$ cat entry-v6.pdb   # PDB, C-alpha atoms
ATOM      1  CA  LEU F1022     -11.986   9.079  26.300
ATOM      2  CA  ASN F1023     -14.477   8.255  29.033
ATOM      3  CA  HIS F1024     -13.204   4.665  29.124
ATOM      4  CA  HIS F1025      -9.743   5.865  30.126
ATOM      5  CA  TYR F1026     -11.121   7.930  33.015
ATOM      6  CA  VAL F1027     -13.420   5.189  34.298
ATOM      7  CA  TYR F1028     -11.090   2.181  33.954
ATOM      8  CA  ASP F1029      -7.700   3.962  34.033
ATOM      9  CA  ALA F1030      -6.637   1.911  31.016
ATOM     10  CA  PRO F1031      -6.803   2.300  27.252
ATOM     11  CA  MET F1032      -9.769   0.746  25.471
ATOM     12  CA  ASN F1033      -9.314  -2.549  23.641
ATOM     13  CA  VAL F1034      -9.446  -2.219  19.861
ATOM     14  CA  GLY F1035     -12.242  -4.788  19.624
ATOM     15  CA  ARG F1036     -14.444  -2.860  22.041
ATOM     16  CA  LEU F1037     -13.862   0.408  20.183
ATOM     17  CA  VAL F1038     -14.754  -1.196  16.838
ATOM     18  CA  SER F1039     -17.819  -2.773  18.423
ATOM     19  CA  GLN F1040     -19.010   0.654  19.596
ATOM     20  CA  VAL F1041     -18.514   2.111  16.113
ATOM     21  CA  ALA F1042     -20.438  -0.815  14.598
ATOM     22  CA  ASP F1043     -23.237  -0.383  17.157
ATOM     23  CA  LYS F1044     -23.513   3.296  16.211
ATOM     24  CA  SER F1045     -23.801   2.308  12.539
ATOM     25  CA  GLN F1046     -26.449  -0.300  13.313
ATOM     26  CA  THR F1047     -28.531   2.122  15.395
ATOM     27  CA  LYS F1048     -29.017   4.320  12.336
ATOM     28  CA  THR F1049     -30.658   1.410  10.493
ATOM     29  CA  GLN F1050     -33.488   1.098  13.055
ATOM     30  CA  ASN F1051     -35.132   4.466  12.433
ATOM     31  CA  SER F1052     -36.905   5.389   9.229
ATOM     32  CA  SER F1053     -36.159   9.075   9.827
ATOM     33  CA  LYS F1054     -32.397   8.494   9.993
ATOM     34  CA  ARG F1055     -30.132   7.703   7.069
ATOM     35  CA  PRO F1056     -27.886   4.707   7.734
ATOM     36  CA  TYR F1057     -24.160   5.104   7.336
ATOM     37  CA  GLY F1058     -23.265   3.877   3.879
ATOM     38  CA  VAL F1059     -19.638   3.041   4.481
ATOM     39  CA  GLY F1060     -17.668   0.077   5.729
ATOM     40  CA  LEU F1061     -14.444   0.587   7.630
ATOM     41  CA  LEU F1062     -11.223  -1.345   7.805
ATOM     42  CA  VAL F1063      -9.794  -0.573  11.248
ATOM     43  CA  ALA F1064      -6.273  -1.530  12.306
ATOM     44  CA  GLY F1065      -5.167  -1.014  15.875
ATOM     45  CA  VAL F1066      -2.856  -2.199  18.628
ATOM     46  CA  ASP F1067      -3.698  -2.975  22.239
ATOM     47  CA  GLU F1068      -2.077  -5.042  24.999
ATOM     48  CA  LYS F1069      -2.874  -8.243  23.079
ATOM     49  CA  GLY F1070      -1.081  -7.046  19.942
ATOM     50  CA  PRO F1071      -2.182  -5.806  16.501
ATOM     51  CA  HIS F1072      -5.744  -6.326  15.244
ATOM     52  CA  LEU F1073      -7.572  -5.815  11.937
ATOM     53  CA  PHE F1074     -11.357  -5.353  11.914
ATOM     54  CA  GLU F1075     -13.953  -4.694   9.250
ATOM     55  CA  THR F1076     -17.229  -2.962  10.054
ATOM     56  CA  CYS F1077     -20.284  -2.913   7.790
ATOM     57  CA  PRO F1078     -23.050  -0.294   7.653
ATOM     58  CA  SER F1079     -25.397  -2.957   9.050
ATOM     59  CA  GLY F1080     -23.422  -3.001  12.305
ATOM     60  CA  ILE F1081     -21.542  -6.244  11.786
ATOM     61  CA  SER F1082     -17.873  -6.290  12.732
ATOM     62  CA  ASN F1083     -15.370  -9.078  12.134
ATOM     63  CA  GLU F1084     -11.693  -9.526  12.953
ATOM     64  CA  TYR F1085      -9.296 -10.721  10.240
ATOM     65  CA  TYR F1086      -5.628 -11.508   9.719
ATOM     66  CA  ALA F1087      -5.776 -10.000   6.215
ATOM     67  CA  MET F1088      -8.667  -8.237   4.479
ATOM     68  CA  ALA F1089      -9.558  -5.967   1.581
ATOM     69  CA  ILE F1090     -12.691  -3.878   1.104
ATOM     70  CA  GLY F1091     -13.924  -1.611  -1.654
ATOM     71  CA  GLY F1092     -14.100  -1.763  -5.421
ATOM     72  CA  LYS F1093     -12.543  -4.885  -6.962
ATOM     73  CA  SER F1094     -11.635  -6.117  -3.476
ATOM     74  CA  THR F1095     -12.498  -9.667  -4.555
ATOM     75  CA  SER F1096      -9.276  -9.817  -6.559
ATOM     76  CA  ALA F1097      -7.249  -8.674  -3.561
ATOM     77  CA  LYS F1098      -9.028 -11.125  -1.235
ATOM     78  CA  THR F1099      -8.297 -13.969  -3.651
ATOM     79  CA  TYR F1100      -4.610 -13.016  -3.687
ATOM     80  CA  LEU F1101      -4.495 -12.790   0.115
ATOM     81  CA  GLU F1102      -6.230 -16.170   0.522
ATOM     82  CA  LYS F1103      -3.835 -17.804  -1.924
ATOM     83  CA  HIS F1104      -0.746 -16.558  -0.038
ATOM     84  CA  PHE F1105      -2.157 -16.614   3.494
ATOM     85  CA  ALA F1106      -0.185 -19.703   4.572
ATOM     86  CA  ASN F1107       3.082 -17.781   4.034
ATOM     87  CA  PHE F1108       2.143 -14.839   6.277
ATOM     88  CA  ALA F1109       2.934 -16.431   9.656
ATOM     89  CA  ASP F1110       6.623 -16.973   8.864
ATOM     90  CA  ALA F1111       7.115 -13.885   6.690
ATOM     91  CA  ASP F1112       9.238 -10.914   7.646
ATOM     92  CA  LEU F1113       7.927  -7.332   7.488
ATOM     93  CA  GLU F1114       9.342  -6.657   4.008
ATOM     94  CA  THR F1115       7.589  -9.732   2.587
ATOM     95  CA  LEU F1116       4.290  -8.814   4.250
ATOM     96  CA  ILE F1117       4.456  -5.296   2.785
ATOM     97  CA  GLN F1118       5.161  -6.762  -0.657
ATOM     98  CA  HIS F1119       2.121  -9.036  -0.329
ATOM     99  CA  ALA F1120      -0.021  -6.032   0.663
ATOM    100  CA  VAL F1121       1.155  -4.023  -2.344
ATOM    101  CA  GLU F1122       0.610  -7.017  -4.658
ATOM    102  CA  ALA F1123      -2.946  -7.381  -3.314
ATOM    103  CA  MET F1124      -3.603  -3.677  -3.972
ATOM    104  CA  ASN F1125      -2.149  -4.089  -7.449
ATOM    105  CA  LYS F1126      -4.717  -6.812  -8.187
ATOM    106  CA  THR F1127      -7.499  -4.245  -7.713
ATOM    107  CA  THR F1128      -6.268  -1.909 -10.444
ATOM    108  CA  SER F1129      -7.170  -2.276 -14.093
ATOM    109  CA  SER F1130      -4.532  -3.451 -16.559
ATOM    110  CA  ASP F1131      -3.996   0.043 -17.971
ATOM    111  CA  GLN F1132      -3.298   1.554 -14.536
ATOM    112  CA  ALA F1133      -0.267   1.154 -12.348
ATOM    113  CA  LEU F1134       0.190   1.722  -8.652
ATOM    114  CA  THR F1135       2.340   4.738  -7.949
ATOM    115  CA  GLU F1136       3.354   6.568  -4.821
ATOM    116  CA  LYS F1137       0.666   9.139  -5.703
ATOM    117  CA  ASN F1138      -2.269   6.681  -5.697
ATOM    118  CA  CYS F1139      -1.066   4.216  -3.048
ATOM    119  CA  ALA F1140      -0.127   4.369   0.630
ATOM    120  CA  VAL F1141       1.082   1.736   3.078
ATOM    121  CA  ALA F1142       0.999   2.026   6.840
ATOM    122  CA  ILE F1143       2.402  -0.419   9.360
ATOM    123  CA  VAL F1144       0.384  -1.008  12.519
ATOM    124  CA  GLY F1145       2.009  -3.110  15.184
ATOM    125  CA  VAL F1146       4.276  -3.300  18.159
ATOM    126  CA  GLY F1147       7.881  -2.646  17.272
ATOM    127  CA  ASP F1148      10.794  -0.260  17.117
ATOM    128  CA  GLY F1149       8.952   2.481  15.237
ATOM    129  CA  GLY F1150       5.977   2.615  17.591
ATOM    130  CA  ASN F1151       2.414   1.507  16.897
ATOM    131  CA  PHE F1152       1.839   3.345  13.585
ATOM    132  CA  LYS F1153       4.177   4.199  10.738
ATOM    133  CA  GLU F1154       3.318   5.296   7.212
ATOM    134  CA  LEU F1155       5.940   4.381   4.660
ATOM    135  CA  PRO F1156       7.589   7.388   3.024
ATOM    136  CA  ALA F1157       7.356   7.617  -0.771
ATOM    137  CA  ASN F1158      10.949   6.503  -1.405
ATOM    138  CA  GLU F1159      10.495   3.319   0.692
ATOM    139  CA  LEU F1160       7.128   2.602  -0.936
ATOM    140  CA  GLN F1161       8.693   2.946  -4.385
ATOM    141  CA  LYS F1162      11.035  -0.002  -3.626
ATOM    142  CA  PHE F1163       7.994  -2.252  -3.216
ATOM    143  CA  LEU F1164       6.190  -0.808  -6.229
ATOM    144  CA  ASP F1165       9.225  -1.534  -8.421
ATOM    145  CA  LYS F1166       8.991  -5.250  -7.500
ATOM    146  CA  LEU F1167       5.334  -5.624  -8.564
ATOM    147  CA  GLU F1168       4.357  -8.379 -10.978
ATOM    148  CA  LYS F1169       3.750  -7.002 -14.453
ATOM    149  CA  LYS F1170       0.209  -7.169 -15.794
ATOM    150  CA  ASP F1171       0.177  -8.886 -19.169
ATOM    151  CA  GLU F1172      -3.458  -9.569 -19.879
ATOM    152  CA  PRO F1173      -6.425  -7.217 -19.657
ATOM    153  CA  ASP F1174      -8.757  -7.693 -16.710
ATOM    154  CA  ALA F1175     -11.365 -10.359 -17.185
ATOM    155  CA  THR F1176     -14.890  -9.075 -16.970
ATOM    156  CA  MET F1177     -16.838 -10.049 -13.887
ATOM    157  CA  ASP F1178     -19.773 -11.278 -15.970
ATOM    158  CA  ASP F1179     -21.680 -14.129 -14.331
ATOM    159  CA  THR F1180     -23.799 -14.835 -17.381
ATOM    160  CA  ALA F1181     -22.989 -17.768 -19.618
ATOM    161  CA  PRO F1182     -22.167 -17.037 -23.244
ATOM    162  CA  ALA F1183     -25.143 -17.036 -25.567
ATOM    163  CA  THR F1184     -25.663 -20.265 -27.458
ATOM    164  CA  ALA F1185     -27.175 -20.696 -30.855
ATOM    165  CA  ALA F1186     -30.909 -21.412 -30.932
ATOM    166  CA  PRO F1187     -31.926 -24.997 -31.722
ATOM    167  CA  ALA F1188     -32.734 -25.790 -35.337
ATOM    168  CA  ASP F1189     -36.463 -26.082 -34.727
ATOM    169  CA  GLY F1190     -36.600 -22.412 -33.635
ATOM    170  CA  ALA F1191     -37.501 -23.023 -29.977
ATOM    171  CA  ALA F1192     -35.770 -20.984 -27.317
ATOM    172  CA  PRO F1193     -33.056 -22.921 -25.414
ATOM    173  CA  MET F1194     -35.082 -22.787 -22.153
ATOM    174  CA  ASP F1195     -38.366 -23.727 -23.815
ATOM    175  CA  THR F1196     -39.610 -27.075 -22.458
ATOM    176  CA  ALA F1197     -42.521 -27.496 -24.864
TER
END
$ encode --input "entry-v6.pdb" --output "structure tokens"
Amino acid sequence: LNHHYVYDAPMNVGRLVSQVADKSQTKTQNSSKRPYGVGLLVAGVDEKGPHLFETCPSGISNEYYAMAIGGKSTSAKTYLEKHFANFADADLETLIQHAVEAMNKTTSSDQALTEKNCAVAIVGVGDGGNFKELPANELQKFLDKLEKKDEPDATMDDTAPATAAPADGAAPMDTA
């Protein structure tokens, strides 16, 4: 608010996100203060167009073209990276479908995205203004087009499968 009075112009999205990140980072410097334990995904529009930023509790902020944060976000990031080359030429409907598909990758195989557990908002310069949340009936059109999940989710186990012990009884890592 002060920025508008001092500069007589709205604040850039990047500067606003930077101030939020700085506030988060300040809390990590004092032992008597609890740091913020949440990352934010911030979408905004300024005179340069739409922007997407991620902030971390440590005070780091980065700008992205597409991003996912939270539980199982790795699956969504993998989907977004795989289809990223198509985003530049895609129309709005296709971009929304990609976003919903990426969200669908974060759910377990026994759950489905519904209009009750999913929301999509459009941030950008256009006919509808800078921010528009899709109504449930429009969102349902995209949910109906989702790829079906056939297989159960693979576990995110980094350990190798156990192997049988050698015949002489030594442990597999034993060098003696």
$ resolve_selection --input "entry-v6.pdb" --expression "the PyMOL selection byres ((chain F and resi 1134) around 12)" --output "mmCIF file with C-alpha atoms, in the frame of the given file"
data_model
loop_
_atom_site.group_PDB
_atom_site.id
_atom_site.type_symbol
_atom_site.label_atom_id
_atom_site.label_comp_id
_atom_site.auth_asym_id
_atom_site.auth_seq_id
_atom_site.Cartn_x
_atom_site.Cartn_y
_atom_site.Cartn_z
ATOM 1 C CA VAL F 1121 1.155 -4.023 -2.344
ATOM 2 C CA GLU F 1122 0.610 -7.017 -4.658
ATOM 3 C CA ALA F 1123 -2.946 -7.381 -3.314
ATOM 4 C CA MET F 1124 -3.603 -3.677 -3.972
ATOM 5 C CA ASN F 1125 -2.149 -4.089 -7.449
ATOM 6 C CA LYS F 1126 -4.717 -6.812 -8.187
ATOM 7 C CA THR F 1127 -7.499 -4.245 -7.713
ATOM 8 C CA THR F 1128 -6.268 -1.909 -10.444
ATOM 9 C CA SER F 1129 -7.170 -2.276 -14.093
ATOM 10 C CA SER F 1130 -4.532 -3.451 -16.559
ATOM 11 C CA ASP F 1131 -3.996 0.043 -17.971
ATOM 12 C CA GLN F 1132 -3.298 1.554 -14.536
ATOM 13 C CA ALA F 1133 -0.267 1.154 -12.348
ATOM 14 C CA THR F 1135 2.340 4.738 -7.949
ATOM 15 C CA GLU F 1136 3.354 6.568 -4.821
ATOM 16 C CA LYS F 1137 0.666 9.139 -5.703
ATOM 17 C CA ASN F 1138 -2.269 6.681 -5.697
ATOM 18 C CA CYS F 1139 -1.066 4.216 -3.048
ATOM 19 C CA ALA F 1140 -0.127 4.369 0.630
ATOM 20 C CA VAL F 1141 1.082 1.736 3.078
ATOM 21 C CA LEU F 1160 7.128 2.602 -0.936
ATOM 22 C CA GLN F 1161 8.693 2.946 -4.385
ATOM 23 C CA PHE F 1163 7.994 -2.252 -3.216
ATOM 24 C CA LEU F 1164 6.190 -0.808 -6.229
ATOM 25 C CA ASP F 1165 9.225 -1.534 -8.421
ATOM 26 C CA LYS F 1166 8.991 -5.250 -7.500
ATOM 27 C CA LEU F 1167 5.334 -5.624 -8.564
ATOM 28 C CA GLU F 1168 4.357 -8.379 -10.978
ATOM 29 C CA LYS F 1169 3.750 -7.002 -14.453
ATOM 30 C CA LYS F 1170 0.209 -7.169 -15.794
#
$ atom_distance --input "entry-v6.pdb" --atom1 "atom CA of Asp1067 of chain F" --atom2 "atom CA of His1024 of chain F"
14.0 Å
$ atom_distance --input "entry-v6.pdb" --atom1 "atom CA of Phe1108 of chain F" --atom2 "atom CA of Leu1037 of chain F"
26.1 Å
$ atom_distance --input "entry-v6.pdb" --atom1 "atom CA of Gly1065 of chain F" --atom2 "atom CA of Val1146 of chain F"
10.0 Å
$ closest_residue --input "entry-v6.pdb" --among "F:Ala1064, F:Ala1120, F:Leu1113, F:Cys1077" --to "Phe1152 of chain F" --atoms "all atoms listed in the file"
F:Ala1064
$ axis_aligned_box --input "entry-v6.pdb" --around "segment 1064-1075 of chain F" --padding-each-side "6 Å" --output "lines of an AutoDock Vina configuration file"
center_x = -7.5
center_y = -4.6
center_z = 17.1
size_x = 24.9
size_y = 19.2
size_z = 27.7
$ resolve_selection --input "entry-v6.pdb" --expression "the PyMOL selection byres ((chain F and resi 1101) around 9)" --output "ChimeraX atom specification"
/F:1087-1089,1096-1100,1102-1105,1119-1120,1123
$ resolve_selection --input "entry-v6.pdb" --expression "the PyMOL selection byres ((chain F and resi 1041) around 10)" --output "MDAnalysis selection string"
chainID F and resid 1035:1040 1042:1046 1061 1076:1078 1080:1082
$ write_last_selection --input "entry-v6.pdb" --atoms "C-alpha atoms" --output "CSV table (one decimal), in the coordinates of the input"
chain,number,residue,atom,x,y,z
F,1035,GLY,CA,-12.2,-4.8,19.6
F,1036,ARG,CA,-14.4,-2.9,22.0
F,1037,LEU,CA,-13.9,0.4,20.2
F,1038,VAL,CA,-14.8,-1.2,16.8
F,1039,SER,CA,-17.8,-2.8,18.4
F,1040,GLN,CA,-19.0,0.7,19.6
F,1042,ALA,CA,-20.4,-0.8,14.6
F,1043,ASP,CA,-23.2,-0.4,17.2
F,1044,LYS,CA,-23.5,3.3,16.2
F,1045,SER,CA,-23.8,2.3,12.5
F,1046,GLN,CA,-26.4,-0.3,13.3
F,1061,LEU,CA,-14.4,0.6,7.6
F,1076,THR,CA,-17.2,-3.0,10.1
F,1077,CYS,CA,-20.3,-2.9,7.8
F,1078,PRO,CA,-23.0,-0.3,7.7
F,1080,GLY,CA,-23.4,-3.0,12.3
F,1081,ILE,CA,-21.5,-6.2,11.8
F,1082,SER,CA,-17.9,-6.3,12.7
$ residues_around --input "entry-v6.pdb" --residues "Tyr1086 of chain F" --least-positions-apart "4" --cutoff "9 Å" --atoms "only C-alpha atoms" --output "JSON, numbers by chain"
{"F": [1072, 1073, 1074, 1105]}
$ closest_residue --input "entry-v6.pdb" --among "F:Gln1118, F:Thr1047, F:Asn1023, F:Asn1083" --to "Gly1060 of chain F" --atoms "only C-alpha atoms"
F:Asn1083
